[in-house]
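File shown: query-v4.cif (mmCIF, C-alpha atoms).
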```
data_coords
#
loop_
_atom_site.group_PDB
_atom_site.id
_atom_site.type_symbol
_atom_site.label_atom_id
_atom_site.label_comp_id
_atom_site.auth_asym_id
_atom_site.auth_seq_id
_atom_site.Cartn_x
_atom_site.Cartn_y
_atom_site.Cartn_z
ATOM 1 C CA MET A 1 59.973 131.187 111.918
ATOM 2 C CA ASP A 2 59.065 134.184 109.768
ATOM 3 C CA ALA A 3 57.750 133.860 106.248
ATOM 4 C CA HIS A 4 61.060 134.698 104.592
ATOM 5 C CA THR A 5 63.059 132.020 106.475
ATOM 6 C CA GLU A 6 60.386 129.480 105.703
ATOM 7 C CA MET A 7 60.533 130.340 102.023
ATOM 8 C CA VAL A 8 64.339 129.966 101.975
ATOM 9 C CA LEU A 9 64.235 126.622 103.747
ATOM 10 C CA GLU A 10 61.649 125.312 101.330
ATOM 11 C CA SER A 11 63.699 126.344 98.309
ATOM 12 C CA ARG A 12 65.812 123.923 96.307
ATOM 13 C CA TRP A 13 68.925 124.598 98.409
ATOM 14 C CA ALA A 14 66.979 124.831 101.665
ATOM 15 C CA GLY A 15 68.986 127.862 102.736
ATOM 16 C CA GLY A 16 72.233 125.910 102.414
ATOM 17 C CA VAL A 17 71.290 123.821 105.448
ATOM 18 C CA ARG A 18 70.018 120.866 103.446
ATOM 19 C CA PRO A 19 71.182 121.352 99.838
ATOM 20 C CA TYR A 20 69.767 118.735 97.474
ATOM 21 C CA ALA A 21 67.377 117.903 100.342
ATOM 22 C CA MET A 22 69.980 115.771 102.076
ATOM 23 C CA GLY A 23 72.080 116.026 105.215
ATOM 24 C CA SER A 24 75.569 117.503 105.186
ATOM 25 C CA LYS A 25 77.217 114.103 105.919
ATOM 26 C CA LYS A 26 75.639 112.505 102.875
ATOM 27 C CA LEU A 27 76.516 115.451 100.637
ATOM 28 C CA GLY A 28 80.072 115.328 102.006
ATOM 29 C CA MET A 29 80.351 111.656 101.107
ATOM 30 C CA TRP A 30 79.076 112.301 97.579
ATOM 31 C CA LEU A 31 81.692 115.035 97.176
ATOM 32 C CA PHE A 32 84.378 112.651 98.443
ATOM 33 C CA ILE A 33 83.167 110.044 95.944
ATOM 34 C CA ILE A 34 83.553 112.561 93.102
ATOM 35 C CA SER A 35 87.158 113.266 94.074
ATOM 36 C CA ASP A 36 87.899 109.583 94.608
ATOM 37 C CA ALA A 37 86.422 108.750 91.194
ATOM 38 C CA LEU A 38 88.878 111.212 89.664
ATOM 39 C CA THR A 39 91.757 109.651 91.628
ATOM 40 C CA PHE A 40 90.898 106.189 90.342
ATOM 41 C CA SER A 41 90.456 107.577 86.818
ATOM 42 C CA ALA A 42 93.946 109.048 86.992
ATOM 43 C CA VAL A 43 95.465 105.699 87.990
ATOM 44 C CA ILE A 44 93.483 103.836 85.317
ATOM 45 C CA ILE A 45 94.590 106.406 82.704
ATOM 46 C CA ALA A 46 98.223 105.876 83.740
ATOM 47 C CA TYR A 47 97.709 102.118 83.307
ATOM 48 C CA SER A 48 96.071 102.480 79.885
ATOM 49 C CA TYR A 49 98.713 104.970 78.740
ATOM 50 C CA LEU A 50 101.534 102.599 79.692
ATOM 51 C CA ARG A 51 99.714 99.817 77.865
ATOM 52 C CA VAL A 52 99.488 101.754 74.610
ATOM 53 C CA ALA A 53 102.938 103.353 74.942
ATOM 54 C CA SER A 54 104.759 100.014 75.322
ATOM 55 C CA PRO A 55 105.721 97.919 72.309
ATOM 56 C CA GLN A 56 104.173 94.862 73.989
ATOM 57 C CA TRP A 57 102.022 94.319 77.026
ATOM 58 C CA PRO A 58 101.762 91.031 78.924
ATOM 59 C CA THR A 59 98.351 89.309 78.916
ATOM 60 C CA PRO A 60 99.273 86.953 81.725
ATOM 61 C CA PHE A 61 95.985 85.807 83.287
ATOM 62 C CA PRO A 62 94.948 82.278 82.230
ATOM 63 C CA PHE A 63 91.179 81.691 82.306
ATOM 64 C CA ASN A 64 91.716 78.880 84.755
ATOM 65 C CA PRO A 65 92.603 79.703 87.522
ATOM 66 C CA ALA A 66 93.235 83.508 87.419
ATOM 67 C CA ILE A 67 89.974 84.673 85.806
ATOM 68 C CA ILE A 68 87.820 82.219 87.747
ATOM 69 C CA PHE A 69 89.547 83.400 90.924
ATOM 70 C CA SER A 70 88.939 87.084 90.182
ATOM 71 C CA THR A 71 85.314 86.287 89.250
ATOM 72 C CA LEU A 72 84.940 84.802 92.725
ATOM 73 C CA MET A 73 86.347 88.048 94.147
ATOM 74 C CA THR A 74 83.802 90.006 92.099
ATOM 75 C CA PHE A 75 81.052 87.796 93.494
ATOM 76 C CA CYS A 76 82.208 88.571 97.061
ATOM 77 C CA LEU A 77 82.159 92.300 96.413
ATOM 78 C CA LEU A 78 78.741 92.285 94.689
ATOM 79 C CA SER A 79 77.276 90.220 97.522
ATOM 80 C CA SER A 80 78.772 92.593 100.082
ATOM 81 C CA SER A 81 76.871 95.398 98.346
ATOM 82 C CA LEU A 82 73.631 93.444 98.760
ATOM 83 C CA THR A 83 74.250 92.878 102.479
ATOM 84 C CA MET A 84 75.098 96.588 102.764
ATOM 85 C CA VAL A 85 71.727 97.710 101.365
ATOM 86 C CA MET A 86 70.107 95.266 103.813
ATOM 87 C CA ALA A 87 72.012 97.007 106.626
ATOM 88 C CA VAL A 88 70.899 100.444 105.439
ATOM 89 C CA SER A 89 67.227 99.508 105.186
ATOM 90 C CA ALA A 90 67.370 97.819 108.609
ATOM 91 C CA ALA A 91 68.978 100.977 110.021
ATOM 92 C CA HIS A 92 66.192 103.138 108.608
ATOM 93 C CA ARG A 93 63.698 100.870 110.388
ATOM 94 C CA HIS A 94 65.736 101.302 113.624
ATOM 95 C CA GLN A 95 66.412 97.563 113.862
ATOM 96 C CA HIS A 96 69.769 97.868 115.579
ATOM 97 C CA ARG A 97 70.653 94.181 115.925
ATOM 98 C CA LYS A 98 69.714 93.412 112.333
ATOM 99 C CA THR A 99 71.737 96.370 111.090
ATOM 100 C CA VAL A 100 74.816 95.220 113.010
ATOM 101 C CA PHE A 101 74.356 91.681 111.650
ATOM 102 C CA TRP A 102 74.205 92.854 108.028
ATOM 103 C CA LEU A 103 77.149 95.211 108.577
ATOM 104 C CA LEU A 104 79.174 92.286 109.939
ATOM 105 C CA MET A 105 78.178 90.211 106.899
ATOM 106 C CA THR A 106 79.355 93.054 104.645
ATOM 107 C CA MET A 107 82.661 93.181 106.531
ATOM 108 C CA LEU A 108 82.987 89.408 106.165
ATOM 109 C CA PHE A 109 82.562 89.578 102.379
ATOM 110 C CA GLY A 110 84.961 92.539 102.239
ATOM 111 C CA THR A 111 87.568 90.651 104.265
ATOM 112 C CA LEU A 112 87.075 87.612 102.053
ATOM 113 C CA PHE A 113 87.696 89.798 99.005
ATOM 114 C CA VAL A 114 90.926 91.180 100.492
ATOM 115 C CA GLY A 115 92.015 87.662 101.525
ATOM 116 C CA LEU A 116 91.450 86.248 98.037
ATOM 117 C CA HIS A 117 93.129 89.242 96.447
ATOM 118 C CA LEU A 118 96.195 88.890 98.692
ATOM 119 C CA THR A 119 96.368 85.170 97.847
ATOM 120 C CA GLU A 120 96.516 86.148 94.182
ATOM 121 C CA TRP A 121 99.138 88.819 94.881
ATOM 122 C CA PHE A 122 101.366 86.379 96.753
ATOM 123 C CA HIS A 123 100.993 83.878 93.943
ATOM 124 C CA LEU A 124 102.161 86.472 91.397
ATOM 125 C CA ILE A 125 105.006 87.584 93.665
ATOM 126 C CA GLU A 126 106.063 83.950 94.016
ATOM 127 C CA GLU A 127 106.080 83.666 90.230
ATOM 128 C CA GLY A 128 108.610 86.506 90.238
ATOM 129 C CA LEU A 129 106.461 89.579 89.522
ATOM 130 C CA ARG A 130 107.763 92.752 91.182
ATOM 131 C CA THR A 131 106.929 96.423 90.733
ATOM 132 C CA ASN A 132 110.029 96.740 88.544
ATOM 133 C CA ARG A 133 110.538 93.230 87.219
ATOM 134 C CA LEU A 134 108.604 90.623 85.235
ATOM 135 C CA PRO A 135 108.802 86.886 85.928
ATOM 136 C CA ALA A 136 111.454 85.179 83.775
ATOM 137 C CA GLU A 137 108.828 83.010 82.069
ATOM 138 C CA TRP A 138 106.834 86.078 80.996
ATOM 139 C CA VAL A 139 109.934 87.685 79.486
ATOM 140 C CA THR A 140 110.372 84.708 77.169
ATOM 141 C CA VAL A 141 106.709 84.944 76.057
ATOM 142 C CA TRP A 142 106.599 88.758 75.791
ATOM 143 C CA PRO A 143 110.226 89.808 75.171
ATOM 144 C CA GLN A 144 109.377 93.464 74.494
ATOM 145 C CA ALA A 145 107.030 93.887 77.456
ATOM 146 C CA PRO A 146 108.027 96.685 79.839
ATOM 147 C CA GLN A 147 109.179 95.897 83.374
ATOM 148 C CA ILE A 148 106.683 98.452 84.683
ATOM 149 C CA PHE A 149 103.728 96.046 84.354
ATOM 150 C CA GLY A 150 104.025 95.116 88.033
ATOM 151 C CA SER A 151 103.829 98.761 89.105
ATOM 152 C CA THR A 152 100.573 99.326 87.253
ATOM 153 C CA PHE A 153 99.056 96.062 88.467
ATOM 154 C CA PHE A 154 100.037 96.385 92.118
ATOM 155 C CA GLY A 155 99.384 100.148 92.096
ATOM 156 C CA LEU A 156 95.882 99.966 90.652
ATOM 157 C CA THR A 157 94.629 96.871 92.465
ATOM 158 C CA GLY A 158 96.510 97.931 95.609
ATOM 159 C CA LEU A 159 94.754 101.299 95.706
ATOM 160 C CA HIS A 160 91.455 99.474 95.398
ATOM 161 C CA MET A 161 92.406 96.923 98.056
ATOM 162 C CA LEU A 162 93.352 99.783 100.358
ATOM 163 C CA HIS A 163 89.865 101.223 99.834
ATOM 164 C CA VAL A 164 88.234 97.894 100.696
ATOM 165 C CA SER A 165 90.420 97.493 103.808
ATOM 166 C CA VAL A 166 89.649 101.032 104.972
ATOM 167 C CA GLY A 167 85.983 100.311 104.221
ATOM 168 C CA VAL A 168 86.012 97.234 106.481
ATOM 169 C CA ILE A 169 87.441 99.324 109.341
ATOM 170 C CA TYR A 170 84.939 102.113 108.593
ATOM 171 C CA LEU A 171 82.009 99.672 108.662
ATOM 172 C CA GLY A 172 83.350 98.183 111.909
ATOM 173 C CA THR A 173 83.313 101.615 113.502
ATOM 174 C CA ILE A 174 79.797 102.269 112.213
ATOM 175 C CA ALA A 175 78.572 98.844 113.418
ATOM 176 C CA LEU A 176 79.981 99.503 116.884
ATOM 177 C CA GLY A 177 78.574 103.040 117.074
ATOM 178 C CA PHE A 178 75.152 102.087 115.701
ATOM 179 C CA GLY A 179 74.993 99.000 117.916
ATOM 180 C CA LEU A 180 75.659 101.205 120.944
ATOM 181 C CA LYS A 181 73.002 103.663 119.622
ATOM 182 C CA LYS A 182 75.544 106.468 119.381
ATOM 183 C CA PHE A 183 75.220 106.819 115.594
ATOM 184 C CA GLU A 184 72.124 107.556 113.523
ATOM 185 C CA SER A 185 70.765 105.675 110.548
ATOM 186 C CA GLU A 186 72.163 108.425 108.301
ATOM 187 C CA ASP A 187 75.691 107.376 109.338
ATOM 188 C CA VAL A 188 74.978 103.826 108.171
ATOM 189 C CA GLU A 189 73.580 105.128 104.893
ATOM 190 C CA VAL A 190 76.651 107.323 104.298
ATOM 191 C CA SER A 191 79.027 104.407 104.961
ATOM 192 C CA GLY A 192 76.920 102.428 102.474
ATOM 193 C CA LEU A 193 77.550 105.043 99.777
ATOM 194 C CA TYR A 194 81.296 104.623 100.290
ATOM 195 C CA TRP A 195 81.054 100.839 100.182
ATOM 196 C CA HIS A 196 78.982 100.768 96.976
ATOM 197 C CA PHE A 197 81.411 103.168 95.336
ATOM 198 C CA VAL A 198 84.320 100.837 96.081
ATOM 199 C CA ASP A 199 82.252 98.019 94.547
ATOM 200 C CA LEU A 200 81.522 100.214 91.524
ATOM 201 C CA VAL A 201 85.235 100.902 90.951
ATOM 202 C CA TRP A 202 85.901 97.161 90.890
ATOM 203 C CA MET A 203 83.303 96.868 88.094
ATOM 204 C CA PHE A 204 85.828 98.767 85.940
ATOM 205 C CA ILE A 205 89.076 97.325 87.295
ATOM 206 C CA PHE A 206 87.889 93.729 86.826
ATOM 207 C CA PRO A 207 87.303 93.956 83.047
ATOM 208 C CA LEU A 208 90.126 96.395 82.288
ATOM 209 C CA VAL A 209 92.868 94.676 84.287
ATOM 210 C CA TYR A 210 91.810 91.028 84.158
ATOM 211 C CA LEU A 211 89.404 90.377 81.304
ATOM 212 C CA MET A 212 91.425 92.455 78.810
ATOM 213 C CA SER A 213 94.562 90.489 79.751
ATOM 214 C CA VAL A 214 93.433 86.897 79.395
ATOM 215 C CA ARG A 215 96.142 84.467 78.310
ATOM 216 C CA TYR A 216 94.782 82.228 75.577
ATOM 217 C CA MET B 1 56.135 102.429 105.736
ATOM 218 C CA ASN B 2 54.473 99.112 106.294
ATOM 219 C CA GLU B 3 56.221 95.739 106.275
ATOM 220 C CA GLN B 4 55.005 94.830 102.812
ATOM 221 C CA ALA B 5 56.620 97.885 101.235
ATOM 222 C CA HIS B 6 59.932 96.889 102.824
ATOM 223 C CA ALA B 7 59.623 93.345 101.516
ATOM 224 C CA GLY B 8 59.130 94.886 98.083
ATOM 225 C CA THR B 9 62.339 96.879 98.314
ATOM 226 C CA THR B 10 64.311 93.866 99.550
ATOM 227 C CA ARG B 11 63.057 91.969 96.519
ATOM 228 C CA LEU B 12 64.162 94.876 94.324
ATOM 229 C CA TYR B 13 67.672 94.801 95.806
ATOM 230 C CA ILE B 14 67.969 91.040 95.305
ATOM 231 C CA TRP B 15 66.750 91.504 91.744
ATOM 232 C CA VAL B 16 69.418 94.164 91.086
ATOM 233 C CA TRP B 17 72.063 91.921 92.668
ATOM 234 C CA GLY B 18 70.964 89.072 90.397
ATOM 235 C CA TRP B 19 71.279 91.320 87.345
ATOM 236 C CA LEU B 20 74.751 92.432 88.411
ATOM 237 C CA LEU B 21 75.834 88.806 88.780
ATOM 238 C CA ALA B 22 74.304 87.901 85.415
ATOM 239 C CA LEU B 23 76.095 90.776 83.641
ATOM 240 C CA THR B 24 79.365 89.745 85.318
ATOM 241 C CA GLY B 25 78.740 86.225 84.048
ATOM 242 C CA VAL B 26 78.317 87.591 80.510
ATOM 243 C CA GLU B 27 81.600 89.495 80.835
ATOM 244 C CA VAL B 28 83.466 86.397 81.986
ATOM 245 C CA TYR B 29 81.892 84.383 79.169
ATOM 246 C CA LEU B 30 83.126 87.003 76.655
ATOM 247 C CA ALA B 31 86.636 86.566 78.043
ATOM 248 C CA TYR B 32 86.241 82.796 77.725
ATOM 249 C CA ILE B 33 85.233 82.776 74.054
ATOM 250 C CA HIS B 34 88.123 85.055 73.012
ATOM 251 C CA LEU B 35 86.743 87.926 70.916
ATOM 252 C CA ALA B 36 88.673 90.511 68.917
ATOM 253 C CA PRO B 37 90.090 93.104 71.377
ATOM 254 C CA VAL B 38 88.169 96.138 70.050
ATOM 255 C CA LEU B 39 84.820 94.355 70.123
ATOM 256 C CA MET B 40 85.687 92.853 73.495
ATOM 257 C CA LEU B 41 86.577 96.243 75.005
ATOM 258 C CA THR B 42 83.423 97.860 73.621
ATOM 259 C CA LEU B 43 81.190 95.126 75.025
ATOM 260 C CA LEU B 44 82.994 95.007 78.376
ATOM 261 C CA LEU B 45 82.786 98.757 78.876
ATOM 262 C CA GLY B 46 79.150 98.820 77.807
ATOM 263 C CA LEU B 47 78.324 96.127 80.364
ATOM 264 C CA SER B 48 80.425 97.856 83.036
ATOM 265 C CA VAL B 49 78.614 101.142 82.510
ATOM 266 C CA ILE B 50 75.258 99.350 82.850
ATOM 267 C CA LYS B 51 76.492 97.697 86.070
ATOM 268 C CA ALA B 52 77.770 101.009 87.428
ATOM 269 C CA ALA B 53 74.424 102.639 86.583
ATOM 270 C CA LEU B 54 72.526 99.856 88.386
ATOM 271 C CA ILE B 55 74.713 100.237 91.480
ATOM 272 C CA MET B 56 74.334 104.015 91.531
ATOM 273 C CA ALA B 57 70.610 104.044 90.769
ATOM 274 C CA TYR B 58 69.488 101.393 93.256
ATOM 275 C CA PHE B 59 72.221 100.564 95.770
ATOM 276 C CA MET B 60 73.319 104.192 96.121
ATOM 277 C CA HIS B 61 69.675 105.373 95.956
ATOM 278 C CA LEU B 62 70.361 107.929 93.258
ATOM 279 C CA ARG B 63 67.057 107.120 91.579
ATOM 280 C CA PHE B 64 65.223 108.180 94.702
ATOM 281 C CA GLU B 65 67.148 111.432 95.240
ATOM 282 C CA ARG B 66 66.419 114.835 93.758
ATOM 283 C CA LEU B 67 67.059 115.333 90.067
ATOM 284 C CA SER B 68 69.462 118.164 90.948
ATOM 285 C CA LEU B 69 71.836 115.691 92.657
ATOM 286 C CA PHE B 70 71.683 113.393 89.629
ATOM 287 C CA LEU B 71 72.495 116.312 87.338
ATOM 288 C CA THR B 72 75.417 117.304 89.580
ATOM 289 C CA LEU B 73 76.979 113.853 89.841
ATOM 290 C CA VAL B 74 76.422 112.149 86.522
ATOM 291 C CA PRO B 75 78.478 114.556 84.328
ATOM 292 C CA VAL B 76 81.499 113.862 86.564
ATOM 293 C CA PHE B 77 81.188 110.117 86.090
ATOM 294 C CA VAL B 78 80.661 110.505 82.351
ATOM 295 C CA LEU B 79 83.840 112.580 82.282
ATOM 296 C CA CYS B 80 85.720 109.911 84.256
ATOM 297 C CA ILE B 81 84.637 107.170 81.874
ATOM 298 C CA CYS B 82 85.550 109.266 78.819
ATOM 299 C CA LEU B 83 89.003 109.937 80.301
ATOM 300 C CA ILE B 84 89.486 106.222 80.912
ATOM 301 C CA LEU B 85 88.636 105.455 77.281
ATOM 302 C CA ILE B 86 91.224 107.774 75.721
ATOM 303 C CA PHE B 87 94.066 105.251 75.709
ATOM 304 C CA PHE B 88 92.247 101.937 75.993
ATOM 305 C CA PHE B 89 90.750 102.057 72.527
ATOM 306 C CA PRO B 90 94.035 102.816 70.742
ATOM 307 C CA ASP B 91 95.576 99.987 72.757
ATOM 308 C CA SER B 92 92.911 97.495 71.762
ATOM 309 C CA VAL B 93 93.199 98.526 68.108
ATOM 310 C CA ARG B 94 96.934 97.939 68.326
ATOM 311 C CA LEU B 95 96.440 94.593 70.051
ATOM 312 C CA GLN B 96 94.281 93.587 67.125
ATOM 313 C CA GLN B 97 97.035 94.565 64.706
ATOM 314 C CA ILE B 98 99.922 92.825 66.441
ATOM 315 C CA GLY B 99 97.832 89.966 67.774
ATOM 316 C CA ILE B 100 97.688 88.899 71.388
ATOM 317 C CA ARG B 101 99.526 85.944 72.775
#
```
Do you think you could lay out the structure here as structure tokens?
Amino acid sequence: MDAHTEMVLESRWAGGVRPYAMGSKKLGMWLFIISDALTFSAVIIAYSYLRVASPQWPTPFPFNPAIIFSTLMTFCLLSSSLTMVMAVSAAHRHQHRKTVFWLLMTMLFGTLFVGLHLTEWFHLIEEGLRTNRLPAEWVTVWPQAPQIFGSTFFGLTGLHMLHVSVGVIYLGTIALGFGLKKFESEDVEVSGLYWHFVDLVWMFIFPLVYLMSVRY
Amino acid sequence: MNEQAHAGTTRLYIWVWGWLLALTGVEVYLAYIHLAPVLMLTLLLGLSVIKAALIMAYFMHLRFERLSLFLTLVPVFVLCICLILIFFFPDSVRLQQIGIR
């Protein structure tokens, strides 16, 4: 390597090969996270706009059981983030079996989250909530509430649930590949970034959708 | 890295996880005691931003990356949060005026 190439590689952008001193996969994931953050922002803005633009907005979640239930979901997701960092640090130490174990634990918590969330969805659907219709009981309590409530609720939480479900499949692929020693530790770390981001989004959806709509 | 250094980082992660759970507990408690919507929203978003910062700094390793990455990413997330706030605050002010049921 001549002196000029060496100088370029040692610069901040490392000649474009390792910008920000990280691999291209990791940078790619960060860029995806930026675009996904904007997607979620757009959906949350739509939700907040409909809230303020409607004469009334239902606040339908009783503390017991709805809020306690969604707190349990939050616990699952936060714990899955902890098991994910365990997987990443095990991967960096090249402990393949440990990494696969922690990845499976993360998938378990993720699946639990989706299962609990679907239970809640089915409960609301049973009550009569649809994307274009409110339950009859809600209409008597909030007569001026718009029928679109269901769209915002199912749209916003559904987009997040889709991310968790895709994440579980993604982690499964990574666990298989890393277990078979076909993937590197960087792949585990990159999947971790995705998983933590999905957790981070829930940290906004949980207060804005549930805690701001408690039924007293 | 030796084994002790790894044990230290594991402890750090568990510590961060504990903080995240504690802050979630505070949020749920706020919902339980029924505050005025504007105050409630302010506190909830403040706590959420702290939680998001903890996740990004430690779980997503942003604290241990180059400053240039931090400076690239953080403005985007600040923008996202500002965009989210545009309609929520007017809504919570209105909720306060009409009263929530």
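Rounded to one decimal, CA of Ile98 (chain B) and CA of His34 (chain B) lie 15.6 Å from each other.
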Residues of chain B within 7 Å of chain A, all atoms listed in the file counted, as a PyMOL selection string: chain B and resi 13+17+31-32+44+48+52+55+59-60+66+68-69+76+80+84+87-88+90-91+101
CA of Leu108 (chain A) to CA of Met73 (chain A), distance in Å rounded to a single decimal: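 Here the two named atoms are 12.6 Å from each other.
The spacing separating CA of His96 (chain A) from CA of Thr10 (chain B) amounts to 17.4 Å.
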Explicit residues for the PyMOL selection byres ((chain A and resi 147) around 6) (as a ChimeraX atom specification): /A:132-134,146,148-149
Reference answer for the PyMOL selection byres ((chain A and resi 178) around 12), as JSON, numbers by chain: {"A": [87, 88, 90, 91, 92, 94, 95, 96, 97, 98, 99, 100, 101, 103, 171, 172, 173, 174, 175, 176, 177, 179, 180, 181, 182, 183, 184, 185, 186, 187, 188, 189, 191]}
Test item: residues at most 10 Å from Gly110 (chain A), only C-alpha atoms, excluding those fewer than 4 positions along its chain, as a VMD selection string: chain A and resid 73 76 to 81 104 to 106 114 to 116 161 164 to 165 167 to 168 195 199
Centre and size of axis-aligned box enclosing region 121-128 of chain A plus 6 Å each side, as AutoDock Vina command-line options:
```
--center_x 103.9 --center_y 86.2 --center_z 93.5 --size_x 21.5 --size_y 17.2 --size_z 18.5
```
Could you write region 16-28 of chain B as a PDB file, in the coordinates of the input, with N, CA and C atoms rebuilt where they are missing?
```
ATOM      1  N   VAL B  16      68.281  93.394  91.617  1.00  0.00           N
ATOM      2  CA  VAL B  16      69.418  94.164  91.086  1.00  0.00           C
ATOM      3  C   VAL B  16      70.706  93.366  91.245  1.00  0.00           C
ATOM      4  N   TRP B  17      70.875  92.748  92.401  1.00  0.00           N
ATOM      5  CA  TRP B  17      72.063  91.921  92.668  1.00  0.00           C
ATOM      6  C   TRP B  17      72.155  90.780  91.648  1.00  0.00           C
ATOM      7  N   GLY B  18      71.004  90.154  91.381  1.00  0.00           N
ATOM      8  CA  GLY B  18      70.964  89.072  90.397  1.00  0.00           C
ATOM      9  C   GLY B  18      71.394  89.560  89.019  1.00  0.00           C
ATOM     10  N   TRP B  19      70.902  90.742  88.636  1.00  0.00           N
ATOM     11  CA  TRP B  19      71.279  91.320  87.345  1.00  0.00           C
ATOM     12  C   TRP B  19      72.772  91.592  87.287  1.00  0.00           C
ATOM     13  N   LEU B  20      73.314  92.135  88.380  1.00  0.00           N
ATOM     14  CA  LEU B  20      74.751  92.432  88.411  1.00  0.00           C
ATOM     15  C   LEU B  20      75.568  91.157  88.242  1.00  0.00           C
ATOM     16  N   LEU B  21      75.125  90.085  88.914  1.00  0.00           N
ATOM     17  CA  LEU B  21      75.834  88.806  88.780  1.00  0.00           C
ATOM     18  C   LEU B  21      75.718  88.278  87.360  1.00  0.00           C
ATOM     19  N   ALA B  22      74.519  88.401  86.773  1.00  0.00           N
ATOM     20  CA  ALA B  22      74.304  87.901  85.415  1.00  0.00           C
ATOM     21  C   ALA B  22      75.196  88.651  84.423  1.00  0.00           C
ATOM     22  N   LEU B  23      75.266  89.987  84.566  1.00  0.00           N
ATOM     23  CA  LEU B  23      76.095  90.776  83.641  1.00  0.00           C
ATOM     24  C   LEU B  23      77.573  90.434  83.817  1.00  0.00           C
ATOM     25  N   THR B  24      77.982  90.177  85.080  1.00  0.00           N
ATOM     26  CA  THR B  24      79.365  89.745  85.318  1.00  0.00           C
ATOM     27  C   THR B  24      79.615  88.414  84.625  1.00  0.00           C
ATOM     28  N   GLY B  25      78.630  87.519  84.717  1.00  0.00           N
ATOM     29  CA  GLY B  25      78.740  86.225  84.048  1.00  0.00           C
ATOM     30  C   GLY B  25      78.931  86.390  82.551  1.00  0.00           C
ATOM     31  N   VAL B  26      78.173  87.333  81.947  1.00  0.00           N
ATOM     32  CA  VAL B  26      78.317  87.591  80.510  1.00  0.00           C
ATOM     33  C   VAL B  26      79.725  88.074  80.207  1.00  0.00           C
ATOM     34  N   GLU B  27      80.242  88.967  81.051  1.00  0.00           N
ATOM     35  CA  GLU B  27      81.600  89.495  80.835  1.00  0.00           C
ATOM     36  C   GLU B  27      82.637  88.373  80.860  1.00  0.00           C
ATOM     37  N   VAL B  28      82.503  87.496  81.857  1.00  0.00           N
ATOM     38  CA  VAL B  28      83.466  86.397  81.986  1.00  0.00           C
ATOM     39  C   VAL B  28      83.342  85.456  80.792  1.00  0.00           C
TER      40      VAL B  28
END
```
